[in-house]
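Engineer: Shown below is the structure under consideration.
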Amino acid sequence: MQASQAHNRMNSGVEKGAVAQRSSPAVAAARLSVSVPKPVRLSRKSARDFAGDFGRRWTALCDAYAPSRDADGFWRFSAAEPLAVGQGWKIHLSATLLSAIQMFERCAPTLVRSGCHFKVAGSMAAIQKLNGGMAGRSQVGKIMTVYCPDPAKARALALELQDLTDGLPGPVVPSDQRLHPGSNVFYRYGAYDRLEIEIAGRKVPAYRDPTGNPVHDKRTKATAVPSWADDPFPADMSRDGATPRRREGVRYAAFKTLSWRARGGVFLARRIGDVAGPHYVMKEGLRHGEVGIDGRSGVDRIRNELRLLKSLSPALAVPAPVDFFHQDGNAYLVTEFVQGKNLDEVLSEGPLAMDERIAIARQMVEIVAALHAAGWCWRDCKTKNFVYADGRVWAIDFEFASRIRGRPALFAGTSGYVLEHQDVVSGRAAERQDLYALGTALHRVFAGLSDEVAMTMASLPPLPPEVPADISQLVASLRHEIPRRRLSAALARGVFDQLTTAGAK
């Protein structure tokens, strides 16, 4: 997201307007015939049962309406006649994991009758990859894609699909225009085949302009309708395309995007009117962003981080919460901005002196020990989530934190920092995952390995011989392959206390 777009999202809103109801009795009956499943009360058994039932129902729908598949089964395709043109209008149907089956059941018969070619995500894993942003930002929400080159037919079909999916939740498709406010029907113009061009040595998607020349398909909302194409969906239908207006009472302006996740962006922001005032970090939680089988969305993740920061700041080296508010159903958490570099950036710049490595590692261990002592497990401990500023280490990003003695939670973790992969984890298991992640982060600090370098290795190398033996043993204990044998964070802190005492003698 560009800074100007981020600014507009925070300082403006979509004009709200009533949408005319066109539902037929048949459509109303279709809505009543299928209920949206409720979030799962998590346990390993319930997660397995949900995945098994979802897989069976989704496969049956694909076999009935989208019998063809690509090489790896990520996409399933309808039996409609192959497309005779290489580009045109696309209609995307968005859904969360909990509403995807209902969307497919309601829309598939209409799509088959329309004669339009369409594709659908081939599995539960494919849906999670799309909505989790792992297939790219522009692919979020695109559970079904309908190819309809005829503008009039595309318009009529989109309106019918809007009626059929009314009330079903789905994330916003970042690359498209929205049919109506609140709708999970989106549209854009694009290529139907895999046309690419090379720009600055990089291959990018493309379609052809009216002269036949290939042009870059930027796949953004602003470019969803090419300047030379007539939008089949007039402005009175697609209110999302209306000129944004500043909302009353807005207090912050986002001027830089720090990162993007499917559950929401992270921005550098300042208070409205404070040109030279302090900067803040503003984290966005999207209403239907990255919803799991437990029903938790980006909004829930932001609220969760707020709870932790309120309970642990300022006793712990974490950013203090400054503000929290909702806009258009999304949640926004504003925290103080820690000026510094994350440890992965520090490691990328070159080796550190041993005294500095030990000082950093001690603070990392103290943070995790304090978290665990307060009854929290982090579940995203890694070098990128430690910020180093003026000799002090801070911890950031607690959206997935959970209570050690709380309810089970969906698995969370970063590749390379986890050893046990489970669908659902208890608080105690998550605490032990923290210990493995802490050990891995410490190993990278003492070995001078950035994430980029470490991820190219089949396994982490032994620590350099100049690393104190007690620290090497500590790292090995934290990364023990048997979870219950990992040294606790409190005992790990004791190792550094002993090092300090021995150094003083």
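Residues are referred to by chain and number: the chain letter is A, B, ... according to the order shown in the structure tokens, the number counts from 1 in that chain, and ligands are numbered separately from 1 in the order shown.
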Within 9 Å of Glu349 of chain A, counting only C-alpha atoms, which residues show up once you throw out same-chain ones fewer than 4 positions away? Write them as a list in words, please.
Structural biologist: Asp344, Glu345 and Ser450 of chain A
Engineer: Counting only C-alpha atoms, give me one row per residue of segment 373-427 of chain A with an atom at most 9 Å from an atom of segment 37-59 of chain A, showing the shortest contact pair and its distance in Å to one decimal, sorted by chain then residue number, as a tab-separated table.
Structural biologist:
```
residue	atom	partner	partner_atom	distance
A:Arg407	CA	A:Leu42	CA	7.8
A:Pro408	CA	A:Leu42	CA	6.0
A:Ala409	CA	A:Leu42	CA	6.6
A:Leu410	CA	A:Leu42	CA	7.5
A:Gln422	CA	A:Arg44	CA	8.4
A:Asp423	CA	A:Arg44	CA	6.8
A:Val424	CA	A:Arg44	CA	5.4
A:Val425	CA	A:Arg44	CA	7.8
A:Ser426	CA	A:Ser43	CA	8.6
```
Engineer: Can I get the selection written as a compact mmCIF listing (two decimals), in the first residue's frame, with N, CA and C atoms?
Structural biologist:
```
# COMPACT_ATOMS: atom_id res chain seq x y z
N ARG A 407 -7.36 -21.02 27.08
CA ARG A 407 -7.89 -22.01 26.16
C ARG A 407 -6.88 -22.36 25.07
N PRO A 408 -7.00 -23.54 24.47
CA PRO A 408 -6.12 -23.88 23.34
C PRO A 408 -6.28 -22.85 22.23
N ALA A 409 -5.25 -22.73 21.41
CA ALA A 409 -5.24 -21.75 20.33
C ALA A 409 -4.75 -22.40 19.04
N LEU A 410 -5.14 -21.80 17.91
CA LEU A 410 -4.62 -22.27 16.64
C LEU A 410 -3.11 -22.08 16.60
N GLN A 422 1.53 -28.23 15.03
CA GLN A 422 0.26 -28.81 15.43
C GLN A 422 -0.86 -27.86 15.02
N ASP A 423 -2.02 -28.42 14.71
CA ASP A 423 -3.14 -27.57 14.33
C ASP A 423 -3.60 -26.70 15.49
N VAL A 424 -3.63 -27.30 16.68
CA VAL A 424 -4.09 -26.61 17.88
C VAL A 424 -3.08 -26.88 19.00
N VAL A 425 -2.74 -25.85 19.76
CA VAL A 425 -1.77 -26.02 20.84
C VAL A 425 -2.36 -25.50 22.15
N SER A 426 -1.98 -26.16 23.24
CA SER A 426 -2.35 -25.70 24.57
C SER A 426 -1.40 -24.59 24.97
```
Engineer: From a DSSP calculation on the backbone, collect every residue of segment 384-451 of chain A in helix (DSSP H, G or I) and output the set as a list in words.
Structural biologist: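 Residues of segment 384-451 of chain A classed as helix (DSSP H, G or I): Lys384, Asn385, Gly427, Arg428, Ala429, Ala430, Glu431, Arg432, Gln433, Asp434, Leu435, Tyr436, Ala437, Leu438, Gly439, Thr440, Ala441, Leu442, His443, Arg444, Val445, Phe446, Ala447 and Asp451 of chain A.
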Engineer: Please list as a compact mmCIF listing (two decimals) with C-alpha atoms, in the first residue's frame every residue within 8 Å of segment 107-123 of chain A, counting only C-alpha atoms and excluding residues in the same chain fewer than 4 positions away.
Structural biologist:
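Result saved to result-v9.txt:
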```txt
# COMPACT_ATOMS: atom_id res chain seq x y z
CA GLY A 55 -12.56 -31.33 2.93
CA TRP A 58 -15.54 -28.93 -0.61
CA THR A 59 -14.31 -31.84 -2.72
CA CYS A 62 -15.62 -29.23 -6.79
CA TYR A 65 -19.25 -28.02 -10.46
CA ALA A 66 -15.50 -27.69 -11.16
CA ARG A 69 -7.90 -29.21 -11.90
CA GLY A 73 -4.79 -29.14 -7.44
CA PHE A 74 -4.64 -25.57 -6.14
CA TRP A 75 -7.40 -24.51 -8.57
CA ARG A 76 -10.44 -26.37 -9.84
CA PHE A 77 -12.12 -25.33 -13.11
CA SER A 78 -15.67 -25.46 -14.43
CA ALA A 79 -16.72 -27.55 -17.40
CA ALA A 80 -17.75 -24.49 -19.42
CA GLU A 81 -16.39 -24.02 -22.92
CA PRO A 82 -12.78 -22.72 -23.07
CA LEU A 83 -12.50 -18.95 -23.26
CA MET A 103 -20.79 -19.23 -0.93
CA ILE A 127 -8.33 -21.04 0.77
CA ILE A 143 -11.96 -17.88 -3.59
CA MET A 144 -13.89 -17.95 -6.87
CA THR A 145 -13.04 -16.20 -10.15
CA VAL A 146 -15.62 -15.85 -12.91
CA TYR A 147 -14.51 -14.91 -16.45
CA CYS A 148 -17.17 -12.86 -18.24
CA LEU A 157 -24.37 -11.84 -13.23
CA LEU A 161 -24.30 -13.17 -7.24
CA LEU A 164 -26.98 -14.92 -3.47
CA THR A 165 -24.07 -14.02 -1.21
```
Engineer: Would you list the contacts of Val475 of chain A as a PDB file with N, CA and C atoms, in the first residue's frame, taking every protein, DNA or RNA residue within 7 Å and counting only C-alpha atoms, but skipping same-chain residues closer than 6 positions in sequence?
Structural biologist:
```pdb
ATOM      1  N   GLY A 439      15.606 -19.978  21.807  1.00  0.00           N
ATOM      2  CA  GLY A 439      16.900 -20.608  21.573  1.00  0.00           C
ATOM      3  C   GLY A 439      17.389 -20.378  20.156  1.00  0.00           C
ATOM      4  N   LEU A 442      18.525 -16.757  19.855  1.00  0.00           N
ATOM      5  CA  LEU A 442      19.824 -16.586  20.494  1.00  0.00           C
ATOM      6  C   LEU A 442      20.945 -17.176  19.637  1.00  0.00           C
ATOM      7  N   HIS A 443      20.677 -18.338  19.051  1.00  0.00           N
ATOM      8  CA  HIS A 443      21.679 -18.961  18.185  1.00  0.00           C
ATOM      9  C   HIS A 443      22.052 -18.019  17.048  1.00  0.00           C
TER      10      HIS A 443
END
```
Engineer: Taking 6 positions as the minimum chain separation for residues in the same chain, which residues sit within 10 Å of Ser259 of chain A when counting only C-alpha atoms? Answer as a list of chain:residue names.
Structural biologist: A:Met1, A:Gly265, A:Val266, A:Phe267, A:Leu268, A:Lys283
Engineer: What's the separation between atom CA of Phe386 of chain A and atom CA of Leu343 of chain A, in Å to one decimal place?
Structural biologist: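 Straight-line distance from atom CA of Phe386 of chain A to atom CA of Leu343 of chain A works out to 5.8 Å.
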Engineer: For segment 451-463 of chain A, find every residue with an atom within 8 Å (counting only C-alpha atoms), except residues of its own chain fewer than 2 positions away, and show them as a PDB file with C-alpha atoms, in the first residue's frame.
Structural biologist:
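So the final result, stored in out_12.pdb, reads:
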```pdb
ATOM      1  CA  ASP A 344      17.551  -9.314  11.990  1.00  0.00           C
ATOM      2  CA  THR A 383      14.859 -11.760  15.752  1.00  0.00           C
ATOM      3  CA  GLY A 416      12.672 -21.859  11.244  1.00  0.00           C
ATOM      4  CA  HIS A 443      21.679 -18.961  18.185  1.00  0.00           C
ATOM      5  CA  ARG A 444      21.342 -16.495  15.317  1.00  0.00           C
ATOM      6  CA  PHE A 446      25.683 -15.470  18.634  1.00  0.00           C
ATOM      7  CA  ALA A 447      26.344 -17.030  15.217  1.00  0.00           C
ATOM      8  CA  LEU A 449      23.128 -15.199  11.135  1.00  0.00           C
ATOM      9  CA  PRO A 465      34.151 -21.463  19.747  1.00  0.00           C
ATOM     10  CA  VAL A 467      30.902 -18.170  22.588  1.00  0.00           C
ATOM     11  CA  SER A 472      26.201 -22.713  24.053  1.00  0.00           C
TER      12      SER A 472
END
```
Engineer: Just list as a VMD selection string whatever in segment 290-453 of chain A DSSP marks as strand (DSSP E or B).
Structural biologist: chain A and resid 321 to 327 330 to 336 341 to 342 376 to 377 386 to 389 392 to 395 402 to 403 409 to 410 424 to 425
Engineer: Can you tell me, as a ChimeraX atom specification, what residues are no more than 6 Å from segment 326-341 of chain A when counting only C-alpha atoms, ignoring any on the same chain fewer than 4 positions away?
Structural biologist: /A:280-287,299,319-322,387-389
Engineer: I need the residue nearest Val346 of chain A from this list: A:Val445, A:Val250, A:Gly292, A:His372. Use only C-alpha atoms for the distance.
Structural biologist: A:Val445
Engineer: Between atom CA of Thr223 of chain A and atom CA of Ile272 of chain A, what is the distance in Å, rounded to a tenth?
Structural biologist: 29.0 Å
Engineer: Just how far from atom CA of Asp63 of chain A is atom CA of Ala156 of chain A, in Å to one decimal?
Structural biologist: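 One can read the atom CA of Ala156 of chain A to atom CA of Asp63 of chain A distance as 26.5 Å.
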Engineer: Find the residue from A:Arg357, A:Lys310, A:Arg270, A:Arg188 that sits nearest to Asp230 of chain A; use only C-alpha atoms when measuring.
Structural biologist: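 Ranking A:Arg357, A:Lys310, A:Arg270, A:Arg188 by distance to Asp230 of chain A, first place goes to A:Arg188.
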